[in-house]
Structure formats: C-alpha cells, structure tokens
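Source file: my_file_8.txt (compact mmCIF, C-alpha atoms)
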# COMPACT_ATOMS: atom_id res chain seq x y z
CA MET A 1147 -9.13 57.36 -59.03
CA GLY A 1148 -10.82 57.68 -55.82
CA SER A 1149 -9.59 54.68 -54.06
CA PRO A 1150 -10.77 55.09 -50.59
CA GLN A 1151 -8.14 55.90 -48.15
CA THR A 1152 -9.44 53.37 -45.84
CA ASP A 1153 -6.12 51.96 -45.15
CA LYS A 1154 -6.86 48.83 -43.48
CA VAL A 1155 -4.15 48.83 -40.99
CA THR A 1156 -3.43 45.31 -40.27
CA THR A 1157 -1.48 44.88 -37.16
CA ASP A 1158 0.65 41.90 -37.66
CA ILE A 1159 1.69 40.58 -34.29
CA SER A 1160 2.83 37.25 -35.52
CA HIS A 1161 6.37 38.40 -36.04
CA THR A 1162 6.69 39.61 -32.48
CA ASP A 1163 5.49 36.43 -30.79
CA SER A 1164 4.53 33.66 -33.06
CA LYS A 1165 3.41 31.35 -30.31
CA ASN A 1166 1.36 33.43 -27.92
CA GLU A 1167 -1.06 30.62 -27.42
CA CYS A 1168 -2.95 29.77 -24.31
CA LEU A 1169 -1.92 26.55 -22.61
CA GLU A 1170 -3.87 24.61 -20.08
CA VAL A 1171 -1.88 22.89 -17.33
CA LYS A 1172 -3.41 20.58 -14.74
CA ILE A 1173 -2.06 21.26 -11.26
CA LEU A 1174 -2.06 18.59 -8.56
CA PHE A 1175 -1.73 19.44 -4.86
CA PHE A 1176 -0.55 16.86 -2.33
CA ALA A 1177 -0.30 16.66 1.45
CA ARG A 1178 0.51 20.04 2.98
CA ALA A 1179 0.01 21.79 -0.36
CA ARG A 1180 -3.54 20.46 -0.47
CA ASP A 1181 -4.13 21.60 3.10
CA LEU A 1182 -2.97 25.10 2.17
CA THR A 1183 -5.01 25.48 -1.04
CA GLY A 1184 -8.03 23.39 -0.12
CA LEU A 1185 -7.80 21.75 -3.53
CA THR A 1186 -6.62 18.39 -4.82
CA ASP A 1187 -6.30 19.73 -8.34
CA MET A 1188 -7.11 22.62 -10.66
CA LYS A 1189 -6.58 23.84 -14.22
CA LEU A 1190 -4.19 26.71 -14.82
CA GLU A 1191 -4.21 28.73 -18.02
CA VAL A 1192 -0.85 30.11 -19.01
CA SER A 1193 0.75 31.46 -22.14
CA SER A 1194 3.37 29.55 -24.07
CA GLY A 1195 6.88 30.14 -22.83
CA THR A 1196 5.74 29.67 -19.24
CA THR A 1197 8.01 27.56 -17.05
CA ALA A 1198 7.11 25.23 -14.21
CA GLY A 1199 8.50 27.86 -11.86
CA ASP A 1200 6.28 30.51 -13.44
CA CYS A 1201 3.28 28.28 -12.82
CA LEU A 1202 4.32 27.95 -9.20
CA ASP A 1203 4.60 31.73 -8.88
CA LYS A 1204 1.09 32.10 -10.29
CA LEU A 1205 -0.21 29.52 -7.82
CA ILE A 1206 1.43 31.30 -4.91
CA ALA A 1207 -0.13 34.56 -6.08
CA LYS A 1208 -3.48 32.78 -6.09
CA PHE A 1209 -2.86 30.92 -2.82
CA PRO A 1210 -0.46 32.97 -0.71
CA GLY A 1211 -0.46 30.25 1.94
CA LEU A 1212 1.67 28.17 -0.42
CA LYS A 1213 4.54 30.52 0.29
CA GLU A 1214 5.43 28.46 3.34
CA LEU A 1215 6.36 25.57 1.05
CA ARG A 1216 8.26 27.65 -1.52
CA GLY A 1217 11.68 26.80 -0.21
CA CYS A 1218 11.17 23.10 0.35
CA MET A 1219 8.77 21.75 -2.25
CA VAL A 1220 9.75 20.20 -5.53
CA LEU A 1221 7.84 20.02 -8.81
CA ALA A 1222 6.96 17.07 -11.02
CA LEU A 1223 5.87 17.46 -14.62
CA ASN A 1224 4.03 14.50 -16.13
CA GLU A 1225 5.11 12.23 -13.30
CA GLU A 1226 8.78 13.13 -13.40
CA TYR A 1227 10.70 15.47 -11.14
CA THR A 1228 11.52 18.65 -13.00
CA PRO A 1229 13.50 21.82 -12.39
CA GLU A 1230 11.57 25.08 -12.29
CA SER A 1231 13.10 26.15 -15.57
CA THR A 1232 11.28 23.51 -17.62
CA LEU A 1233 8.78 24.91 -20.10
CA VAL A 1234 5.25 23.61 -19.73
CA LYS A 1235 3.18 22.39 -22.68
CA ASN A 1236 -0.53 22.20 -23.25
CA ARG A 1237 -2.24 19.56 -21.10
CA ASP A 1238 0.84 18.94 -18.98
CA GLU A 1239 0.31 17.75 -15.43
CA LEU A 1240 2.27 19.69 -12.82
CA ALA A 1241 2.39 18.31 -9.30
CA ILE A 1242 3.28 20.35 -6.23
CA ILE A 1243 5.37 17.99 -4.13
CA PRO A 1244 6.01 18.96 -0.49
CA PRO A 1245 8.85 17.08 1.26
CA ILE A 1246 8.04 13.40 0.97
CA SER A 1247 7.71 10.89 3.76
CA GLY A 1248 7.05 7.42 2.42
CA GLY A 1249 8.09 4.29 4.23
CA MET B 1323 19.69 -5.62 -20.03
CA ALA B 1324 16.15 -5.49 -21.42
CA GLY B 1325 13.24 -5.42 -19.03
CA GLU B 1326 11.11 -8.20 -20.39
CA ASP B 1327 12.53 -10.87 -18.08
CA GLU B 1328 12.49 -8.70 -14.98
CA LYS B 1329 10.35 -10.02 -12.21
CA ASN B 1330 9.29 -6.86 -10.39
CA LEU B 1331 6.06 -6.49 -8.47
CA VAL B 1332 5.25 -2.95 -7.34
CA GLU B 1333 1.97 -2.26 -5.58
CA ILE B 1334 0.44 0.76 -3.88
CA LEU B 1335 -2.40 -0.59 -1.78
CA GLU B 1336 -5.56 1.41 -1.25
CA GLU B 1337 -6.92 2.19 2.21
CA ASN B 1338 -7.74 -0.66 4.55
CA HIS B 1339 -5.68 -3.15 2.58
CA PRO B 1340 -3.11 -4.71 4.89
CA ILE B 1341 0.02 -6.06 3.26
CA ASP B 1342 -0.17 -9.73 2.35
CA ILE B 1343 3.38 -10.73 3.21
CA THR B 1344 2.98 -14.25 1.90
CA LYS B 1345 1.88 -13.02 -1.50
CA TYR B 1346 5.10 -11.07 -1.95
CA THR B 1347 7.47 -13.64 -0.49
CA ASN B 1348 5.87 -16.30 -2.70
CA TYR B 1349 6.30 -13.99 -5.67
CA VAL B 1350 10.05 -13.62 -5.17
CA HIS B 1351 10.68 -17.21 -4.13
CA SER B 1352 12.48 -19.37 -6.63
CA PRO B 1353 14.33 -22.70 -6.39
CA GLN B 1354 17.51 -21.21 -7.83
CA CYS B 1355 17.63 -18.53 -5.14
CA GLY B 1356 19.46 -19.21 -1.95
CA ALA B 1357 18.30 -15.98 -0.36
CA ILE B 1358 15.24 -13.85 0.18
CA ALA B 1359 15.83 -10.57 2.00
CA THR B 1360 12.88 -8.66 3.37
CA PHE B 1361 12.19 -5.30 4.99
CA PHE B 1362 9.10 -4.47 7.04
CA GLY B 1363 8.42 -0.79 7.75
CA ASN B 1364 6.12 -0.66 10.78
CA THR B 1365 4.31 2.15 12.56
CA ARG B 1366 6.12 2.95 15.79
CA ASP B 1367 4.26 3.86 18.95
CA THR B 1368 6.25 6.96 19.83
CA PHE B 1369 8.07 9.76 18.12
CA ASP B 1370 10.07 12.35 20.04
CA GLY B 1371 8.39 11.32 23.24
CA LYS B 1372 4.90 11.76 21.79
CA THR B 1373 2.47 8.86 21.63
CA VAL B 1374 1.60 7.99 18.06
CA ILE B 1375 -1.91 6.77 17.38
CA GLU B 1376 -1.50 6.04 13.69
CA LEU B 1377 0.18 7.09 10.49
CA ARG B 1378 -1.89 8.18 7.52
CA TYR B 1379 -0.42 7.82 4.06
CA GLU B 1380 -1.24 9.35 0.72
CA ALA B 1381 0.58 9.16 -2.60
CA TYR B 1382 0.83 10.53 -6.12
CA VAL B 1383 0.08 7.01 -7.18
CA PRO B 1384 1.04 6.90 -10.88
CA MET B 1385 4.32 8.68 -10.21
CA ALA B 1386 5.03 6.58 -7.11
CA ILE B 1387 4.67 3.41 -9.15
CA ARG B 1388 6.89 4.85 -11.84
CA CYS B 1389 9.55 5.79 -9.26
CA LEU B 1390 9.43 2.37 -7.61
CA LYS B 1391 9.87 0.62 -10.95
CA SER B 1392 12.82 2.86 -11.65
CA ILE B 1393 14.31 1.97 -8.27
CA CYS B 1394 13.91 -1.72 -9.14
CA SER B 1395 15.80 -1.13 -12.39
CA SER B 1396 18.56 0.68 -10.55
CA ALA B 1397 18.84 -2.14 -8.04
CA ARG B 1398 19.15 -4.65 -10.87
CA SER B 1399 21.94 -2.65 -12.44
CA LEU B 1400 23.86 -2.76 -9.16
CA TRP B 1401 23.20 -6.31 -7.95
CA ASN B 1402 22.45 -9.71 -9.36
CA LEU B 1403 18.81 -10.15 -8.45
CA ASN B 1404 16.08 -12.62 -9.24
CA ALA B 1405 12.79 -11.02 -8.19
CA ILE B 1406 11.74 -7.83 -6.39
CA ALA B 1407 8.44 -7.08 -4.67
CA VAL B 1408 7.59 -3.72 -3.07
CA ALA B 1409 4.24 -2.87 -1.52
CA HIS B 1410 3.18 0.35 0.22
CA ARG B 1411 -0.10 0.96 1.97
CA LEU B 1412 -2.20 4.10 1.78
CA GLY B 1413 -4.62 5.42 4.36
CA SER B 1414 -4.38 4.68 8.06
CA VAL B 1415 -1.71 2.31 9.34
CA PRO B 1416 -2.11 1.82 13.10
CA VAL B 1417 0.75 1.27 15.52
CA GLY B 1418 2.43 -2.07 15.02
CA GLU B 1419 1.19 -2.59 11.48
CA THR B 1420 3.32 -2.67 8.37
CA SER B 1421 3.10 0.25 5.95
CA VAL B 1422 5.82 -0.79 3.54
CA PHE B 1423 7.24 -4.16 2.61
CA VAL B 1424 10.17 -5.12 0.40
CA ALA B 1425 11.14 -8.65 -0.61
CA ILE B 1426 14.07 -9.48 -2.88
CA SER B 1427 15.47 -12.84 -3.95
CA SER B 1428 18.90 -13.65 -5.27
CA VAL B 1429 21.13 -16.66 -5.74
CA HIS B 1430 23.55 -15.48 -3.06
CA ARG B 1431 22.56 -13.49 -0.02
CA VAL B 1432 24.83 -10.46 -0.36
CA ASP B 1433 22.90 -9.22 -3.41
CA ALA B 1434 19.46 -9.52 -1.83
CA LEU B 1435 20.56 -8.01 1.47
CA ASP B 1436 22.30 -5.02 -0.07
CA ALA B 1437 19.57 -4.43 -2.65
CA CYS B 1438 16.89 -4.55 0.04
CA LYS B 1439 18.57 -1.72 1.95
CA PHE B 1440 18.99 0.21 -1.27
CA VAL B 1441 15.32 -0.10 -2.23
CA ILE B 1442 13.93 1.17 1.06
CA ASP B 1443 16.53 3.95 1.26
CA GLU B 1444 15.67 5.07 -2.28
CA LEU B 1445 11.95 4.84 -1.57
CA LYS B 1446 12.36 7.18 1.38
CA ALA B 1447 14.45 9.58 -0.68
CA SER B 1448 12.40 9.86 -3.85
CA VAL B 1449 8.99 8.20 -4.05
CA PRO B 1450 6.08 10.68 -3.83
CA ILE B 1451 4.33 9.24 -0.79
CA TRP B 1452 3.51 11.31 2.30
CA LYS B 1453 2.64 10.38 5.85
CA LYS B 1454 0.91 12.27 8.58
CA GLU B 1455 1.77 11.31 12.12
CA VAL B 1456 -1.33 11.42 14.30
CA TYR B 1457 -0.92 11.97 18.05
CA SER B 1458 -3.60 12.23 20.69
CA ASN B 1459 -3.28 16.01 20.65
CA GLY B 1460 -2.39 16.86 17.08
CA GLU B 1461 -0.96 15.73 13.80
CA VAL B 1462 1.96 16.66 11.61
CA TRP B 1463 3.16 15.97 8.09
CA LYS B 1464 6.47 14.14 8.25
CA GLU B 1465 9.52 14.78 6.10
CA ASN B 1466 12.16 12.19 5.30
CA MET B 1467 15.77 13.17 5.99
CA GLU B 1468 16.71 11.07 2.98
CA PHE B 1469 14.69 13.39 0.73
CA LEU B 1470 16.03 16.59 2.28
CA GLU B 1471 19.64 15.41 2.20
CA ARG B 1472 19.43 14.89 -1.54
CA ARG B 1473 18.33 18.42 -2.09
CA PRO B 1474 20.93 20.53 -0.36
CA GLU B 1475 19.26 23.77 -1.38
CA ILE B 1476 16.22 22.73 0.60
CA GLY B 1477 18.35 21.53 3.48
CA LYS B 1478 20.10 24.88 3.72
CA ILE B 1479 16.86 26.81 3.82
CA ARG B 1480 15.32 24.44 6.29
CA SER B 1481 18.19 24.64 8.72
CA CYS B 1482 17.14 28.17 9.60
CA CYS B 1483 13.51 27.29 10.18
CA LYS B 1484 11.88 26.31 13.38
CA PRO B 1485 9.85 23.15 13.09
CA LYS B 1486 6.17 23.72 13.66
CA VAL B 1487 3.67 21.31 15.10
CA LYS B 1488 -0.03 21.82 14.80
CA VAL B 1489 -1.45 21.00 18.20
CA ASP B 1490 -5.18 20.98 18.80
CA GLY B 1491 -6.34 23.56 21.28
CA ASP B 1492 -2.96 25.16 21.26
CA GLU B 1493 -1.88 28.34 19.58
CA ALA B 1494 -2.06 28.52 15.83
CA VAL B 1495 0.88 27.35 13.76
CA LYS B 1496 3.73 29.70 14.47
CA THR B 1497 4.80 31.64 11.48
CA GLY B 1498 8.47 32.09 10.92
CA CYS B 1499 10.63 31.83 7.91
CA CYS B 1500 9.90 29.34 5.20
CA GLY B 1501 9.44 26.07 7.04
CA PRO B 1502 6.00 24.50 7.19
CA LYS B 1503 4.58 22.63 10.14
CA VAL B 1504 6.91 19.71 10.00
CA LYS B 1505 9.19 17.66 12.07
CA VAL B 1506 12.35 16.52 10.42
CA GLU B 1507 13.11 12.93 11.27
CA ASP B 1508 16.48 11.99 12.62
CA ASP B 1509 16.34 8.47 11.29
CA ASN B 1510 14.13 6.30 9.21
CA GLY B 1511 10.64 7.04 10.45
CA ASN B 1512 9.42 3.55 10.90
CA ALA B 1513 12.42 1.35 10.62
How does the structure come out when it is put into structure tokens?
Amino acid sequence: MGSPQTDKVTTDISHTDSKNECLEVKILFFARARDLTGLTDMKLEVSSGTTAGDCLDKLIAKFPGLKELRGCMVLALNEEYTPESTLVKNRDELAIIPPISGG
Amino acid sequence: MAGEDEKNLVEILEENHPIDITKYTNYVHSPQCGAIATFFGNTRDTFDGKTVIELRYEAYVPMAIRCLKSICSSARSLWNLNAIAVAHRLGSVPVGETSVFVAISSVHRVDALDACKFVIDELKASVPIWKKEVYSNGEVWKENMEFLERRPEIGKIRSCCKPKVKVDGDEAVKTGCCGPKVKVEDDNGNA
C-alpha cells in the first residue's frame, strides 16, 4: 500500500521541560533604584523556573546603572522580604529595595 | 494569642499630612493603663556638619503597613501591652517637624517604655521607607545602620566602599566599588 512516507515528525518537547511557560512579574523600583532606572515600575517576562535573583540579573542587564546597588539592595516578593533563590510565579510583584531609611 | 482584640493603629500618612499626636495618644489611652510611652522622630537641622533643609520620605506603602503590623505583633509577644499606635509621614518633613510617632499604653510603665524602643528600632531596621536628606547644596539617600547591621553580607561589602554624596555643581558621583551615593548614619537619623 502506498502509504505516504510523510512521516509527520512530531517533536515532543513536553518531556524535556513540561513547564516552559512565560511568566509575567511586576517589578517595583524605589528610592535610588528608581533614580537609576527612571521607572517606578515595569513588567518583566520570564520563563518558569526563574528566581528572584535571576530577575534582578535581567534588570541589571537592562539597566546597568543598577549594578551600584547589587551588593546592598534586598528583594521583596509580594510584600515580603525574600532571598534571591526564591522562584517567581506568574503575576508576582518583585520590589527592588535599596537600603532603607525610615524613621 | 489571637489578633482580634489587638488594638493596633498603623498609619502611613500621605504628603503634607502632619502627624496628629492627640489622635494617637487618645487612641492608646485607657483607664486601666498607668503608662503611655511615646517616641517622636523629628527632622534635625544638621547632619555631619551640613545644614539640613528637609527630609523627604517615600515608602512601599502596602509592605510598610504589613511590616509595622508585624512589629506590633512581635512587641505584644514580648511585652504586656494595651494599645499601639504608629504613624509615619511621607513627602517633605521640614526641620523640627515629626516624621514618625509611636505611642504605646500598658498597665505598668516598663512594658510601654521597652516596647516603644523596640518598635522604633525595628521600624528603622526593617520597614521599607526611605528618606532623602536635602541640603542647600545637594541631597542624598540615607541608609539606616539598623538595616545594614542586620544584613552582615551587605555590611561587609559596604565597608570597602567610599560613601558618595551628590553635590550640585560639583563633580559627578564618584564611581568606586559597589556603594551608591549614600551616607551611612552613625546613630538613629532623627532621634
């Protein structure tokens, strides 16, 4: 029988990375961080498996001026301080927190 | 201890809203309390020999409120307290005016006094509020020692950095290692 040899090669990527989705994270810039980026906030698109620290690296790549804060800023995810290793989720809010000075 | 009976008042006041001291002292007042302890944080007229014109505050407001409520809970776990009120202004706070106010009531004074110190110390260490010190010839973002001391990894890095001050008409901000244009306070900025 002449079944056409049109092997439909289906590349199945799902087994390699089942969650390669695109996440949207809202970034907030405060104080010196806002001075350096010129922005109060922005949306960042990242893939799943991205950490808060990865987001920061992407922001520094986008705004090299932020490098001056790299060693002394902290991060907050959804209004709570977070280590850089925390994974971000879709619609998370990540705040760039330069050294604080309330009071 | 559940939170439903807790009398905590936490307010971040928008620009041009001076602190109504009476409102907060009335809030914490209670006939069963023998003591009300208060703290006023006021804008000083000089820092490091420089004349200060004003302080300008900004905050990550929802998180600041969350942090302050958490500080109130911590204080309650450590002392026997009746009511707590904390208010912080945003925007410009000229010399002599109050930027932060804490009032705490308790039956006996030792609780209110110790908790009051705790609340302002914790505020300066962890609440996401920032101030810019404005001089006649420049301005600089401040950094609280209390915050830096809690994060030794930052403290280590910072110890190698020269502080930088942006001065109008002067040379551009000096670049160096990782420190931004900051002055690190030796003591509580306003207290």
- Two-atom distance - CA of Val1462 (chain B), CA of Asp1203 (chain A) (Å): 25.6 Å
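Distance check against chain B using only C-alpha atoms: of A:Val1171, A:Leu1182, A:Ala1177, A:Ile1206, the minimum falls on A:Ala1177.
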I'd like the neighbourhood of Arg1378 (chain B) as an mmCIF file with C-alpha atoms, keeping the file's coordinate frame, where a residue qualifies if any of its atoms comes within 6 Å (using all atoms listed in the file), though same-chain residues fewer than 3 positions away should be ignored.
data_model
loop_
_atom_site.group_PDB
_atom_site.id
_atom_site.type_symbol
_atom_site.label_atom_id
_atom_site.label_comp_id
_atom_site.auth_asym_id
_atom_site.auth_seq_id
_atom_site.Cartn_x
_atom_site.Cartn_y
_atom_site.Cartn_z
ATOM 1 C CA GLY B 1413 -4.620 5.420 4.360
ATOM 2 C CA SER B 1414 -4.380 4.680 8.060
ATOM 3 C CA LYS B 1453 2.640 10.380 5.850
ATOM 4 C CA LYS B 1454 0.910 12.270 8.580
#
- Could you please determine the separation between CA of Glu1376 (chain B) and CA of Glu1214 (chain A) in Å, to one decimal place?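 Computing the Euclidean distance for CA of Glu1376 (chain B) and CA of Glu1214 (chain A) yields 25.6 Å.
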I'd like a table as JSON lines: residues in chain A with an atom no more than 12 Å from chain B, each row giving the shortest atom pair and its distance in Å to one decimal, all atoms listed in the file counted, sorted by chain and rising residue number.
{"residue": "A:Leu1174", "atom": "CA", "partner": "B:Tyr1382", "partner_atom": "CA", "distance": 8.9}
{"residue": "A:Phe1175", "atom": "CA", "partner": "B:Tyr1382", "partner_atom": "CA", "distance": 9.4}
{"residue": "A:Phe1176", "atom": "CA", "partner": "B:Tyr1382", "partner_atom": "CA", "distance": 7.5}
{"residue": "A:Ala1177", "atom": "CA", "partner": "B:Trp1452", "partner_atom": "CA", "distance": 6.6}
{"residue": "A:Arg1178", "atom": "CA", "partner": "B:Trp1463", "partner_atom": "CA", "distance": 7.0}
{"residue": "A:Ala1179", "atom": "CA", "partner": "B:Pro1502", "partner_atom": "CA", "distance": 10.0}
{"residue": "A:Arg1180", "atom": "CA", "partner": "B:Glu1380", "partner_atom": "CA", "distance": 11.4}
{"residue": "A:Asp1181", "atom": "CA", "partner": "B:Trp1463", "partner_atom": "CA", "distance": 10.5}
{"residue": "A:Leu1182", "atom": "CA", "partner": "B:Pro1502", "partner_atom": "CA", "distance": 10.3}
{"residue": "A:Thr1186", "atom": "CA", "partner": "B:Tyr1382", "partner_atom": "CA", "distance": 10.9}
{"residue": "A:Asp1187", "atom": "CA", "partner": "B:Tyr1382", "partner_atom": "CA", "distance": 11.8}
{"residue": "A:Gly1211", "atom": "CA", "partner": "B:Pro1502", "partner_atom": "CA", "distance": 10.1}
{"residue": "A:Leu1212", "atom": "CA", "partner": "B:Pro1502", "partner_atom": "CA", "distance": 9.5}
{"residue": "A:Lys1213", "atom": "CA", "partner": "B:Cys1500", "partner_atom": "CA", "distance": 7.4}
{"residue": "A:Glu1214", "atom": "CA", "partner": "B:Cys1500", "partner_atom": "CA", "distance": 4.9}
{"residue": "A:Leu1215", "atom": "CA", "partner": "B:Pro1502", "partner_atom": "CA", "distance": 6.2}
{"residue": "A:Arg1216", "atom": "CA", "partner": "B:Cys1500", "partner_atom": "CA", "distance": 7.1}
{"residue": "A:Gly1217", "atom": "CA", "partner": "B:Ile1476", "partner_atom": "CA", "distance": 6.2}
{"residue": "A:Cys1218", "atom": "CA", "partner": "B:Ile1476", "partner_atom": "CA", "distance": 5.1}
{"residue": "A:Met1219", "atom": "CA", "partner": "B:Ile1476", "partner_atom": "CA", "distance": 8.0}
{"residue": "A:Val1220", "atom": "CA", "partner": "B:Ile1476", "partner_atom": "CA", "distance": 9.3}
{"residue": "A:Leu1221", "atom": "CA", "partner": "B:Pro1450", "partner_atom": "CA", "distance": 10.7}
{"residue": "A:Ala1222", "atom": "CA", "partner": "B:Met1385", "partner_atom": "CA", "distance": 8.8}
{"residue": "A:Leu1223", "atom": "CA", "partner": "B:Met1385", "partner_atom": "CA", "distance": 9.9}
{"residue": "A:Asn1224", "atom": "CA", "partner": "B:Met1385", "partner_atom": "CA", "distance": 8.3}
{"residue": "A:Glu1225", "atom": "CA", "partner": "B:Met1385", "partner_atom": "CA", "distance": 4.8}
{"residue": "A:Glu1226", "atom": "CA", "partner": "B:Met1385", "partner_atom": "CA", "distance": 7.1}
{"residue": "A:Tyr1227", "atom": "CA", "partner": "B:Ser1448", "partner_atom": "CA", "distance": 9.4}
{"residue": "A:Pro1229", "atom": "CA", "partner": "B:Arg1473", "partner_atom": "CA", "distance": 11.9}
{"residue": "A:Glu1239", "atom": "CA", "partner": "B:Met1385", "partner_atom": "CA", "distance": 11.2}
{"residue": "A:Leu1240", "atom": "CA", "partner": "B:Tyr1382", "partner_atom": "CA", "distance": 11.4}
{"residue": "A:Ala1241", "atom": "CA", "partner": "B:Tyr1382", "partner_atom": "CA", "distance": 8.5}
{"residue": "A:Ile1242", "atom": "CA", "partner": "B:Tyr1382", "partner_atom": "CA", "distance": 10.1}
{"residue": "A:Ile1243", "atom": "CA", "partner": "B:Pro1450", "partner_atom": "CA", "distance": 7.4}
{"residue": "A:Pro1244", "atom": "CA", "partner": "B:Trp1452", "partner_atom": "CA", "distance": 8.5}
{"residue": "A:Pro1245", "atom": "CA", "partner": "B:Glu1465", "partner_atom": "CA", "distance": 5.4}
{"residue": "A:Ile1246", "atom": "CA", "partner": "B:Trp1452", "partner_atom": "CA", "distance": 5.2}
{"residue": "A:Ser1247", "atom": "CA", "partner": "B:Trp1452", "partner_atom": "CA", "distance": 4.5}
{"residue": "A:Gly1248", "atom": "CA", "partner": "B:Ile1451", "partner_atom": "CA", "distance": 4.6}
{"residue": "A:Gly1249", "atom": "CA", "partner": "B:Val1422", "partner_atom": "CA", "distance": 5.6}
May I have the residues from that selection written out with C-alpha atoms, as a CSV table (one decimal), in the coordinates of the input?
chain,number,residue,atom,x,y,z
A,1174,LEU,CA,-2.1,18.6,-8.6
A,1175,PHE,CA,-1.7,19.4,-4.9
A,1176,PHE,CA,-0.6,16.9,-2.3
A,1177,ALA,CA,-0.3,16.7,1.4
A,1178,ARG,CA,0.5,20.0,3.0
A,1179,ALA,CA,0.0,21.8,-0.4
A,1180,ARG,CA,-3.5,20.5,-0.5
A,1181,ASP,CA,-4.1,21.6,3.1
A,1182,LEU,CA,-3.0,25.1,2.2
A,1186,THR,CA,-6.6,18.4,-4.8
A,1187,ASP,CA,-6.3,19.7,-8.3
A,1211,GLY,CA,-0.5,30.2,1.9
A,1212,LEU,CA,1.7,28.2,-0.4
A,1213,LYS,CA,4.5,30.5,0.3
A,1214,GLU,CA,5.4,28.5,3.3
A,1215,LEU,CA,6.4,25.6,1.0
A,1216,ARG,CA,8.3,27.6,-1.5
A,1217,GLY,CA,11.7,26.8,-0.2
A,1218,CYS,CA,11.2,23.1,0.4
A,1219,MET,CA,8.8,21.8,-2.2
A,1220,VAL,CA,9.8,20.2,-5.5
A,1221,LEU,CA,7.8,20.0,-8.8
A,1222,ALA,CA,7.0,17.1,-11.0
A,1223,LEU,CA,5.9,17.5,-14.6
A,1224,ASN,CA,4.0,14.5,-16.1
A,1225,GLU,CA,5.1,12.2,-13.3
A,1226,GLU,CA,8.8,13.1,-13.4
A,1227,TYR,CA,10.7,15.5,-11.1
A,1229,PRO,CA,13.5,21.8,-12.4
A,1239,GLU,CA,0.3,17.8,-15.4
A,1240,LEU,CA,2.3,19.7,-12.8
A,1241,ALA,CA,2.4,18.3,-9.3
A,1242,ILE,CA,3.3,20.4,-6.2
A,1243,ILE,CA,5.4,18.0,-4.1
A,1244,PRO,CA,6.0,19.0,-0.5
A,1245,PRO,CA,8.8,17.1,1.3
A,1246,ILE,CA,8.0,13.4,1.0
A,1247,SER,CA,7.7,10.9,3.8
A,1248,GLY,CA,7.0,7.4,2.4
A,1249,GLY,CA,8.1,4.3,4.2
- Figure out the distance between CA of Ala1357 (chain B) and CA of Ala1405 (chain B), please, to one decimal in Å. 10.8 Å
- Message: Given only C-alpha atoms as the basis, pick out the residue of B:Lys1329, B:Lys1372, B:His1351, B:Lys1345 nearest to Asn1459 (chain B).
- Response: B:Lys1372
- Message: Which residue is closest to Lys1204 (chain A)? Choose from A:Arg1237, A:Thr1228, A:Ile1173, A:Gly1184 and count all atoms listed in the file.
- Response: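 For Lys1204 (chain A), the nearest of the given residues is A:Ile1173.
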- Write out as an MDAnalysis selection string each polymer residue whose atoms come within 6 Å of Ala1425 (chain B), counting only C-alpha atoms; drop sequence neighbours fewer than 2 positions from it. chainID B and resid 1359:1360 1406:1407
- Task: Have a look at A:Ser1194, A:Thr1183, A:Met1188, A:Glu1167 and name the one nearest to Ala1207 (chain A); count all atoms listed in the file.
- Result: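 The closest residue to Ala1207 (chain A) is A:Thr1183.
Each of B:Gly1460, B:Glu1337, B:Cys1394, B:Ser1352 was checked against Val1408 (chain B) using all atoms listed in the file; the smallest atom-to-atom distance is that of B:Cys1394.
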Mind dumping region 1387-1434 of chain B from that block, keeping C-alpha atoms, as a PDB file, in the first residue's frame?
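Below is the file out_31.pdb, written as the result:
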ATOM      1  CA  ILE B1387       1.997  48.665  56.723  1.00  0.00           C
ATOM      2  CA  ARG B1388       2.396  44.911  56.732  1.00  0.00           C
ATOM      3  CA  CYS B1389       5.834  45.191  58.383  1.00  0.00           C
ATOM      4  CA  LEU B1390       4.570  47.635  61.011  1.00  0.00           C
ATOM      5  CA  LYS B1391       1.677  45.347  61.916  1.00  0.00           C
ATOM      6  CA  SER B1392       4.130  42.503  62.237  1.00  0.00           C
ATOM      7  CA  ILE B1393       6.301  44.628  64.522  1.00  0.00           C
ATOM      8  CA  CYS B1394       3.238  45.331  66.670  1.00  0.00           C
ATOM      9  CA  SER B1395       2.598  41.587  66.943  1.00  0.00           C
ATOM     10  CA  SER B1396       6.197  40.963  67.919  1.00  0.00           C
ATOM     11  CA  ALA B1397       6.024  43.674  70.562  1.00  0.00           C
ATOM     12  CA  ARG B1398       2.892  42.094  72.003  1.00  0.00           C
ATOM     13  CA  SER B1399       4.595  38.735  72.218  1.00  0.00           C
ATOM     14  CA  LEU B1400       7.413  40.290  74.241  1.00  0.00           C
ATOM     15  CA  TRP B1401       5.547  42.723  76.499  1.00  0.00           C
ATOM     16  CA  ASN B1402       2.171  43.098  78.103  1.00  0.00           C
ATOM     17  CA  LEU B1403       0.652  45.916  76.083  1.00  0.00           C
ATOM     18  CA  ASN B1404      -2.722  47.551  75.790  1.00  0.00           C
ATOM     19  CA  ALA B1405      -2.678  49.630  72.599  1.00  0.00           C
ATOM     20  CA  ILE B1406      -0.084  50.588  69.986  1.00  0.00           C
ATOM     21  CA  ALA B1407      -0.191  53.468  67.508  1.00  0.00           C
ATOM     22  CA  VAL B1408       2.492  54.103  64.873  1.00  0.00           C
ATOM     23  CA  ALA B1409       2.328  56.846  62.265  1.00  0.00           C
ATOM     24  CA  HIS B1410       4.900  57.752  59.602  1.00  0.00           C
ATOM     25  CA  ARG B1411       4.729  60.695  57.250  1.00  0.00           C
ATOM     26  CA  LEU B1412       5.595  60.676  53.571  1.00  0.00           C
ATOM     27  CA  GLY B1413       6.801  63.572  51.471  1.00  0.00           C
ATOM     28  CA  SER B1414       8.645  66.568  52.855  1.00  0.00           C
ATOM     29  CA  VAL B1415       9.197  66.879  56.583  1.00  0.00           C
ATOM     30  CA  PRO B1416      10.926  70.189  57.362  1.00  0.00           C
ATOM     31  CA  VAL B1417      13.409  70.715  60.175  1.00  0.00           C
ATOM     32  CA  GLY B1418      11.805  70.481  63.576  1.00  0.00           C
ATOM     33  CA  GLU B1419       8.756  68.552  62.422  1.00  0.00           C
ATOM     34  CA  THR B1420       7.893  64.996  63.355  1.00  0.00           C
ATOM     35  CA  SER B1421       8.207  62.310  60.700  1.00  0.00           C
ATOM     36  CA  VAL B1422       7.433  59.286  62.841  1.00  0.00           C
ATOM     37  CA  PHE B1423       5.428  58.869  66.010  1.00  0.00           C
ATOM     38  CA  VAL B1424       4.927  55.876  68.280  1.00  0.00           C
ATOM     39  CA  ALA B1425       2.545  55.686  71.232  1.00  0.00           C
ATOM     40  CA  ILE B1426       2.089  52.598  73.399  1.00  0.00           C
ATOM     41  CA  SER B1427      -0.009  52.078  76.513  1.00  0.00           C
ATOM     42  CA  SER B1428       0.360  49.461  79.204  1.00  0.00           C
ATOM     43  CA  VAL B1429      -0.757  48.846  82.747  1.00  0.00           C
ATOM     44  CA  HIS B1430       2.775  49.257  84.095  1.00  0.00           C
ATOM     45  CA  ARG B1431       5.374  51.538  82.589  1.00  0.00           C
ATOM     46  CA  VAL B1432       8.208  49.093  81.961  1.00  0.00           C
ATOM     47  CA  ASP B1433       6.243  47.356  79.193  1.00  0.00           C
ATOM     48  CA  ALA B1434       5.311  50.531  77.335  1.00  0.00           C
TER      49      ALA B1434
END
